[in-house]
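Just below is one structure, and these are the notes that go with it.
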Amino acid sequence: MPNQTKQDNKESRRDFLKTSSKILLGATALSSLGTHLFSTEIEERNYSLNLSKGENMNTLTPQAKENLQKLFGTSALPKEDLEFFTNYANFAFDEVWQKSNLKENERLLLILASLIALSAKEEFEIMLKAALKSKINPIAIKEIIYQATPYVGIAKVADALVITNKIFKQQEVKLPLESQSTTNQQNRREKGFEIQKNIFGAAIEKSYDSTPAHKKHINEFLSANCFGDYYTRKGLDLAFRELITFVYLISMGGIESQVKAHIQGNLNMGNDKTKLIAVVTALVPYIGYPKSLNALNTIDEIAK
(Lines give C-alpha, C1' and ligand atoms only; values in the text may rest on other atoms or scores of the structure.)
Protein backbone atom coordinates (compact mmCIF):
# COMPACT_ATOMS: atom_id res chain seq x y z
CA MET A 1 0.00 0.00 0.00
CA PRO A 2 2.73 2.52 0.78
CA ASN A 3 4.44 1.62 -2.52
CA GLN A 4 1.20 2.30 -4.38
CA THR A 5 0.87 5.72 -2.75
CA LYS A 6 4.41 6.66 -3.83
CA GLN A 7 3.65 5.59 -7.39
CA ASP A 8 0.47 7.70 -7.45
CA ASN A 9 2.39 10.75 -6.18
CA LYS A 10 5.00 10.40 -8.93
CA GLU A 11 2.32 10.23 -11.64
CA SER A 12 0.55 13.26 -10.16
CA ARG A 13 3.76 15.28 -10.23
CA ARG A 14 4.41 14.26 -13.86
CA ASP A 15 0.89 15.31 -14.86
CA PHE A 16 1.32 18.64 -13.07
CA LEU A 17 4.61 19.38 -14.79
CA LYS A 18 3.16 18.50 -18.22
CA THR A 19 0.16 20.73 -17.66
CA SER A 20 2.32 23.60 -16.35
CA SER A 21 4.62 23.35 -19.35
CA LYS A 22 1.67 23.57 -21.76
CA ILE A 23 0.31 26.58 -19.93
CA LEU A 24 3.72 28.28 -19.90
CA LEU A 25 4.34 27.62 -23.57
CA GLY A 26 0.88 28.89 -24.44
CA ALA A 27 1.36 32.03 -22.42
CA THR A 28 4.72 32.65 -24.08
CA ALA A 29 3.26 32.19 -27.53
CA LEU A 30 0.39 34.53 -26.77
CA SER A 31 2.80 37.08 -25.36
CA SER A 32 4.99 36.91 -28.47
CA LEU A 33 2.00 37.17 -30.76
CA GLY A 34 0.68 40.14 -28.82
CA THR A 35 4.03 41.90 -28.98
CA HIS A 36 4.27 41.31 -32.72
CA LEU A 37 0.77 42.58 -33.36
CA PHE A 38 1.36 45.63 -31.18
CA SER A 39 4.65 46.42 -32.91
CA THR A 40 3.05 46.07 -36.31
CA GLU A 41 0.27 48.39 -35.28
CA ILE A 42 2.78 50.99 -34.09
CA GLU A 43 4.79 50.74 -37.32
CA GLU A 44 1.68 51.12 -39.45
CA ARG A 45 0.51 54.06 -37.38
CA ASN A 46 3.94 55.76 -37.63
CA TYR A 47 4.06 55.15 -41.37
CA SER A 48 0.63 56.68 -41.72
CA LEU A 49 1.65 59.71 -39.66
CA ASN A 50 4.90 60.17 -41.60
CA LEU A 51 3.10 59.86 -44.90
CA SER A 52 0.56 62.45 -43.84
CA LYS A 53 3.29 64.75 -42.58
CA GLY A 54 5.28 64.32 -45.77
CA GLU A 55 2.32 65.13 -47.94
CA ASN A 56 1.73 68.34 -46.01
CA MET A 57 5.36 69.48 -45.96
CA ASN A 58 6.30 68.50 -49.52
CA THR A 59 3.67 70.52 -51.34
CA LEU A 60 4.67 73.35 -53.64
CA THR A 61 2.57 76.50 -53.68
CA PRO A 62 0.89 77.22 -57.03
CA GLN A 63 3.13 80.26 -57.60
CA ALA A 64 6.34 78.35 -56.83
CA LYS A 65 5.28 75.48 -59.08
CA GLU A 66 4.45 77.87 -61.92
CA ASN A 67 7.81 79.66 -61.67
CA LEU A 68 9.77 76.41 -61.48
CA GLN A 69 8.01 75.09 -64.57
CA LYS A 70 8.62 78.34 -66.43
CA LEU A 71 12.31 78.66 -65.52
CA PHE A 72 13.46 75.05 -65.42
CA GLY A 73 10.83 73.17 -67.42
CA THR A 74 9.90 71.06 -64.38
CA SER A 75 8.76 71.37 -60.77
CA ALA A 76 10.28 68.03 -59.72
CA LEU A 77 12.54 68.41 -56.68
CA PRO A 78 15.37 66.14 -55.42
CA LYS A 79 13.76 63.35 -53.42
CA GLU A 80 16.78 62.86 -51.16
CA ASP A 81 16.13 66.24 -49.50
CA LEU A 82 12.56 66.86 -50.56
CA GLU A 83 11.52 68.80 -47.45
CA PHE A 84 14.51 71.13 -47.76
CA PHE A 85 14.02 71.86 -51.45
CA THR A 86 10.28 72.36 -51.04
CA ASN A 87 10.87 74.96 -48.33
CA TYR A 88 13.50 76.64 -50.51
CA ALA A 89 11.33 76.63 -53.64
CA ASN A 90 8.26 78.00 -51.87
CA PHE A 91 10.34 80.77 -50.31
CA ALA A 92 12.58 81.73 -53.23
CA PHE A 93 10.10 81.30 -56.09
CA ASP A 94 6.93 82.46 -54.36
CA GLU A 95 7.38 84.74 -51.32
CA VAL A 96 10.60 86.41 -52.44
CA TRP A 97 9.48 86.51 -56.06
CA GLN A 98 6.38 88.51 -55.13
CA LYS A 99 7.99 90.85 -52.59
CA SER A 100 11.02 91.83 -54.68
CA ASN A 101 8.81 93.02 -57.55
CA LEU A 102 11.50 92.96 -60.27
CA LYS A 103 11.25 92.15 -63.95
CA GLU A 104 12.10 88.51 -64.61
CA ASN A 105 15.12 89.15 -66.87
CA GLU A 106 16.50 91.74 -64.49
CA ARG A 107 16.04 89.42 -61.51
CA LEU A 108 17.85 86.51 -63.19
CA LEU A 109 20.82 88.67 -64.19
CA LEU A 110 21.13 89.99 -60.63
CA ILE A 111 21.00 86.45 -59.23
CA LEU A 112 23.69 85.35 -61.69
CA ALA A 113 25.88 88.28 -60.57
CA SER A 114 25.41 87.26 -56.94
CA LEU A 115 26.24 83.60 -57.62
CA ILE A 116 29.48 84.61 -59.36
CA ALA A 117 30.52 86.60 -56.28
CA LEU A 118 29.59 83.65 -54.05
CA SER A 119 31.50 81.19 -56.25
CA ALA A 120 28.36 79.01 -56.26
CA LYS A 121 29.24 77.11 -59.41
CA GLU A 122 26.50 74.46 -59.47
CA GLU A 123 23.74 76.95 -58.65
CA PHE A 124 25.19 79.36 -61.22
CA GLU A 125 24.92 76.69 -63.92
CA ILE A 126 21.30 75.95 -62.98
CA MET A 127 20.31 79.63 -63.05
CA LEU A 128 22.27 80.19 -66.28
CA LYS A 129 20.13 77.56 -68.01
CA ALA A 130 17.03 79.26 -66.61
CA ALA A 131 18.25 82.61 -67.96
CA LEU A 132 18.72 81.18 -71.43
CA LYS A 133 15.32 79.48 -71.24
CA SER A 134 13.90 82.93 -70.42
CA LYS A 135 15.49 84.31 -73.63
CA ILE A 136 18.00 86.57 -71.88
CA ASN A 137 20.55 87.87 -74.38
CA PRO A 138 23.83 85.90 -74.12
CA ILE A 139 25.72 89.20 -74.47
CA ALA A 140 24.07 90.52 -71.30
CA ILE A 141 25.04 87.32 -69.47
CA LYS A 142 28.68 87.60 -70.60
CA GLU A 143 28.80 91.26 -69.56
CA ILE A 144 27.59 90.32 -66.07
CA ILE A 145 30.53 87.91 -65.86
CA TYR A 146 33.15 90.23 -67.37
CA GLN A 147 32.30 93.14 -65.09
CA ALA A 148 32.66 90.95 -62.01
CA THR A 149 36.42 90.68 -62.66
CA PRO A 150 37.63 93.86 -60.89
CA TYR A 151 35.33 93.17 -57.93
CA VAL A 152 35.48 89.42 -57.24
CA GLY A 153 38.78 88.52 -58.95
CA ILE A 154 39.82 86.44 -61.91
CA ALA A 155 39.52 83.03 -60.19
CA LYS A 156 35.76 83.24 -59.65
CA VAL A 157 35.23 84.81 -63.07
CA ALA A 158 37.25 82.10 -64.81
CA ASP A 159 35.05 79.42 -63.22
CA ALA A 160 31.92 81.23 -64.39
CA LEU A 161 33.28 81.62 -67.92
CA VAL A 162 34.13 77.91 -68.22
CA ILE A 163 30.59 76.98 -67.15
CA THR A 164 29.00 79.61 -69.41
CA ASN A 165 30.95 78.66 -72.52
CA LYS A 166 30.09 74.99 -71.95
CA ILE A 167 26.36 75.74 -71.64
CA PHE A 168 26.43 78.20 -74.56
CA LYS A 169 27.92 75.50 -76.80
CA GLN A 170 25.32 72.99 -75.63
CA GLN A 171 22.59 75.55 -76.45
CA GLU A 172 24.26 76.29 -79.82
CA VAL A 173 25.10 79.90 -78.97
CA LYS A 174 27.79 80.94 -81.45
CA LEU A 175 31.11 81.85 -79.81
CA PRO A 176 32.89 84.20 -79.56
CA LEU A 177 30.11 86.73 -79.10
CA GLU A 178 30.20 90.12 -80.81
CA SER A 179 32.74 92.45 -79.18
CA GLN A 180 31.28 95.06 -76.81
CA SER A 181 34.51 96.99 -76.19
CA THR A 182 34.56 100.77 -76.84
CA THR A 183 38.08 101.65 -75.66
CA ASN A 184 41.72 100.96 -76.50
CA GLN A 185 45.03 101.10 -74.64
CA GLN A 186 45.43 104.80 -75.42
CA ASN A 187 42.05 106.10 -74.21
CA ARG A 188 40.84 103.58 -71.58
CA ARG A 189 42.09 105.58 -68.59
CA GLU A 190 40.57 108.84 -69.79
CA LYS A 191 37.23 107.27 -70.66
CA GLY A 192 37.17 105.33 -67.41
CA PHE A 193 37.79 108.49 -65.42
CA GLU A 194 34.87 110.15 -67.20
CA ILE A 195 32.63 107.24 -66.19
CA GLN A 196 33.80 107.58 -62.58
CA LYS A 197 32.90 111.28 -62.56
CA ASN A 198 29.52 110.43 -64.11
CA ILE A 199 28.76 108.00 -61.28
CA PHE A 200 30.44 109.61 -58.27
CA GLY A 201 30.60 113.29 -59.23
CA ALA A 202 33.29 115.72 -58.08
CA ALA A 203 34.20 113.43 -55.17
CA ILE A 204 36.31 111.30 -57.50
CA GLU A 205 38.56 114.25 -58.39
CA LYS A 206 39.03 115.05 -54.70
CA SER A 207 39.97 111.42 -54.12
CA TYR A 208 42.68 111.65 -56.78
CA ASP A 209 44.07 114.85 -55.28
CA SER A 210 44.13 113.51 -51.71
CA THR A 211 45.70 110.10 -52.43
CA PRO A 212 49.35 109.77 -51.30
CA ALA A 213 51.91 109.38 -54.08
CA HIS A 214 52.74 105.77 -53.17
CA LYS A 215 49.08 104.74 -53.76
CA LYS A 216 48.20 106.84 -56.81
CA HIS A 217 48.83 103.92 -59.15
CA ILE A 218 45.82 102.13 -57.61
CA ASN A 219 43.62 105.10 -58.54
CA GLU A 220 45.01 104.87 -62.06
CA PHE A 221 44.25 101.14 -62.13
CA LEU A 222 40.67 101.85 -61.10
CA SER A 223 40.16 104.43 -63.85
CA ALA A 224 41.82 102.46 -66.64
CA ASN A 225 40.96 98.87 -65.70
CA CYS A 226 37.84 98.75 -63.51
CA PHE A 227 35.95 101.58 -65.24
CA GLY A 228 37.82 101.94 -68.55
CA ASP A 229 37.91 98.25 -69.45
CA TYR A 230 34.47 97.25 -68.13
CA TYR A 231 32.02 100.10 -67.42
CA THR A 232 32.60 101.55 -70.89
CA ARG A 233 31.46 98.36 -72.62
CA LYS A 234 28.18 98.00 -74.50
CA GLY A 235 25.62 95.29 -73.72
CA LEU A 236 24.38 96.77 -70.42
CA ASP A 237 23.52 100.37 -69.63
CA LEU A 238 25.56 102.29 -67.08
CA ALA A 239 22.86 102.39 -64.39
CA PHE A 240 22.48 98.60 -64.51
CA ARG A 241 26.25 98.12 -64.40
CA GLU A 242 26.37 100.11 -61.18
CA LEU A 243 23.46 98.04 -59.83
CA ILE A 244 25.24 94.74 -60.44
CA THR A 245 28.37 96.17 -58.77
CA PHE A 246 26.22 96.70 -55.68
CA VAL A 247 25.19 93.03 -56.00
CA TYR A 248 28.79 91.78 -56.19
CA LEU A 249 29.73 93.75 -53.08
CA ILE A 250 26.84 92.79 -50.80
CA SER A 251 27.15 89.16 -51.90
CA MET A 252 30.79 88.99 -50.80
CA GLY A 253 30.19 90.88 -47.54
CA GLY A 254 32.71 92.48 -45.20
CA ILE A 255 33.41 95.49 -47.44
CA GLU A 256 31.04 98.08 -46.03
CA SER A 257 33.01 101.15 -47.13
CA GLN A 258 32.78 100.01 -50.76
CA VAL A 259 29.09 99.15 -50.35
CA LYS A 260 28.46 102.69 -49.06
CA ALA A 261 30.28 104.25 -52.01
CA HIS A 262 28.33 102.23 -54.53
CA ILE A 263 24.99 102.80 -52.83
CA GLN A 264 25.67 106.51 -53.36
CA GLY A 265 26.75 105.75 -56.91
CA ASN A 266 23.48 103.92 -57.54
CA LEU A 267 21.45 106.79 -56.12
CA ASN A 268 23.36 109.17 -58.40
CA MET A 269 22.51 106.92 -61.38
CA GLY A 270 18.78 106.87 -60.58
CA ASN A 271 18.60 103.52 -58.76
CA ASP A 272 16.63 104.80 -55.77
CA LYS A 273 16.22 103.36 -52.28
CA THR A 274 13.14 101.33 -53.29
CA LYS A 275 15.07 99.75 -56.14
CA LEU A 276 18.03 98.84 -53.94
CA ILE A 277 15.76 97.26 -51.32
CA ALA A 278 14.03 95.25 -54.06
CA VAL A 279 17.44 93.93 -55.17
CA VAL A 280 18.40 92.90 -51.63
CA THR A 281 15.01 91.19 -51.24
CA ALA A 282 15.57 89.15 -54.40
CA LEU A 283 18.96 87.98 -53.11
CA VAL A 284 17.98 86.91 -49.58
CA PRO A 285 17.79 83.17 -50.47
CA TYR A 286 21.28 83.30 -51.97
CA ILE A 287 23.30 85.58 -49.67
CA GLY A 288 21.46 84.88 -46.38
CA TYR A 289 20.07 87.22 -43.73
CA PRO A 290 23.26 88.64 -42.13
CA LYS A 291 24.51 90.10 -45.42
CA SER A 292 20.99 91.18 -46.40
CA LEU A 293 20.39 92.99 -43.11
CA ASN A 294 23.79 94.69 -43.31
CA ALA A 295 22.93 95.87 -46.82
CA LEU A 296 19.53 97.20 -45.76
CA ASN A 297 21.04 99.07 -42.80
CA THR A 298 23.65 100.65 -45.06
CA ILE A 299 21.00 101.68 -47.58
CA ASP A 300 19.09 103.41 -44.76
CA GLU A 301 22.28 105.13 -43.62
CA ILE A 302 23.26 106.47 -47.06
CA ALA A 303 19.81 107.11 -48.59
CA LYS A 304 18.50 109.44 -45.88
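Here, A, B, ... name the chains of the C-alpha coordinates in the order displayed, residue numbers run from 1 inside each chain, and ligands are numbered from 1 in the same displayed order.
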
Output as a tab-separated table one row per residue of segment 48-126 of chain A within 8 Å of segment 263-279 of chain A: the closest atom pair and its distance in Å to one decimal place, counting only C-alpha atoms, sorted by chain and residue number ascending.
```
residue	atom	partner	partner_atom	distance
A:Lys99	CA	A:Ala278	CA	7.6
A:Ser100	CA	A:Ala278	CA	4.6
A:Asn101	CA	A:Ala278	CA	6.7
A:Leu102	CA	A:Ala278	CA	7.1
A:Arg107	CA	A:Val279	CA	7.9
A:Leu110	CA	A:Val279	CA	7.7
```

#### Entry: Near-segment 62-65 of chain A list (6 Å; only C-alpha atoms; drop same-chain fewer than 5 positions) as JSON, numbers by chain
{"A": [75, 90, 93, 94]}

Output N, CA and C atoms for every residue in the selection just made, as a tab-separated table (two decimals), in the first residue's frame.
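The result, stored in result_11.tsv:
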```tsv
chain	number	residue	atom	x	y	z
A	75	SER	N	8.88	71.01	-62.19
A	75	SER	CA	8.76	71.37	-60.77
A	75	SER	C	9.18	70.21	-59.89
A	90	ASN	N	9.41	77.19	-52.26
A	90	ASN	CA	8.26	78.00	-51.87
A	90	ASN	C	8.69	79.40	-51.43
A	93	PHE	N	10.84	81.13	-54.84
A	93	PHE	CA	10.10	81.30	-56.09
A	93	PHE	C	8.63	81.67	-55.89
A	94	ASP	N	8.27	81.95	-54.64
A	94	ASP	CA	6.93	82.46	-54.36
A	94	ASP	C	7.02	83.73	-53.51
```

### Message
Set the distance at 8 Å and use only C-alpha atoms: which residues neighbour Ser292 of chain A once local chain neighbours fewer than 5 positions away are removed? I'd like the list as a ChimeraX atom specification.
### Response
/A:250,280-281,283-284,287

### Task
Rank nothing, just name the residue among A:Ile111, A:Leu60, A:Met127, A:Leu71 nearest to Glu83 of chain A, using only C-alpha atoms.
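Smallest separation from Glu83 of chain A among the options: A:Leu60.
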
### Task
Name the residues of segment 79-260 of chain A that fall into helix (DSSP H, G or I) according to DSSP on the backbone, using the chain letters and numbers of this document, as an MDAnalysis selection string.
chainID A and resid 79:100 104:118 121:133 138:152 154:170 188:200 203:210 213:231 238:252 256:260

#### Entry: Residue contacts of Lys174 of chain A (12 Å, only C-alpha atoms) excluding same-chain residues fewer than 4 positions away, as a PyMOL selection string
chain A and resi 138-139+165-170+178

Pro285 of chain A surroundings by only C-alpha atoms, 9 Å radius, close-in-sequence under 5 positions cut, as a short mmCIF file (atom, residue, chain, number, x, y, z; two decimals) with all heavy atoms, in the first residue's frame:
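As a result, around_25.cif now contains:
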```cif
data_model
loop_
_atom_site.label_atom_id
_atom_site.label_comp_id
_atom_site.auth_asym_id
_atom_site.auth_seq_id
_atom_site.Cartn_x
_atom_site.Cartn_y
_atom_site.Cartn_z
N TYR A 88 12.73 75.67 -49.72
CA TYR A 88 13.50 76.64 -50.51
C TYR A 88 12.70 77.15 -51.70
O TYR A 88 12.65 78.36 -51.96
CB TYR A 88 14.81 76.00 -50.98
CG TYR A 88 15.44 76.67 -52.16
CD1 TYR A 88 15.94 77.97 -52.07
CD2 TYR A 88 15.53 76.03 -53.40
CE1 TYR A 88 16.52 78.60 -53.16
CE2 TYR A 88 16.11 76.64 -54.49
CZ TYR A 88 16.61 77.93 -54.37
OH TYR A 88 17.16 78.55 -55.45
N PHE A 91 9.84 79.47 -50.76
CA PHE A 91 10.34 80.77 -50.31
C PHE A 91 10.90 81.58 -51.47
O PHE A 91 10.48 82.71 -51.72
CB PHE A 91 11.41 80.56 -49.23
CG PHE A 91 12.02 81.84 -48.73
CD1 PHE A 91 11.23 82.82 -48.14
CD2 PHE A 91 13.38 82.07 -48.84
CE1 PHE A 91 11.78 84.01 -47.68
CE2 PHE A 91 13.95 83.25 -48.39
CZ PHE A 91 13.15 84.22 -47.81
N ALA A 92 11.85 80.99 -52.20
CA ALA A 92 12.58 81.73 -53.23
C ALA A 92 11.73 82.05 -54.45
O ALA A 92 11.87 83.13 -55.04
CB ALA A 92 13.82 80.95 -53.66
N VAL A 96 9.59 85.44 -52.02
CA VAL A 96 10.60 86.41 -52.44
C VAL A 96 10.28 86.97 -53.82
O VAL A 96 10.44 88.16 -54.08
CB VAL A 96 12.01 85.76 -52.42
CG1 VAL A 96 13.04 86.66 -53.08
CG2 VAL A 96 12.42 85.44 -50.99
#
```

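Ranking A:Phe246, A:Ala89, A:Lys291, A:Ile218 by their shortest atom-to-atom distance to Leu77 of chain A, with only C-alpha atoms included, puts A:Ala89 first.
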
### Message
For a test of reading the model, state the distance in Å between atom CA of Arg233 of chain A and atom CA of Asn184 of chain A, rounded to one decimal.
### Response
11.3 Å

### Message
Report as a VMD selection string all protein, DNA and RNA residues lying within 10 Å of Ala131 of chain A, evaluated on only C-alpha atoms, omitting residues in the same chain fewer than 3 positions from it.
### Response
chain A and resid 71 to 72 104 to 109 111 to 112 125 to 128 134 to 138 141

#### Entry: Shell of 12 Å around Tyr151 of chain A, only C-alpha atoms, local chain residues under 6 positions omitted, as a list in words
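So, after excluding close chain neighbours, the residues are Ala113, Ser114, Ile116, Ala117, Leu118, Ile144, Ile145, Val157, Leu222, Asn225, Cys226, Phe227, Tyr230, Glu242, Ile244, Thr245, Phe246, Val247, Tyr248, Leu249, Ile250, Ser251, Met252, Gly253, Ile255, Gln258, Val259 and His262 of chain A.
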
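Across A:Gln147, A:Ser119, A:Gln171, A:Gln186, the tightest approach to Asp159 of chain A is made by A:Ser119 when counting only C-alpha atoms.
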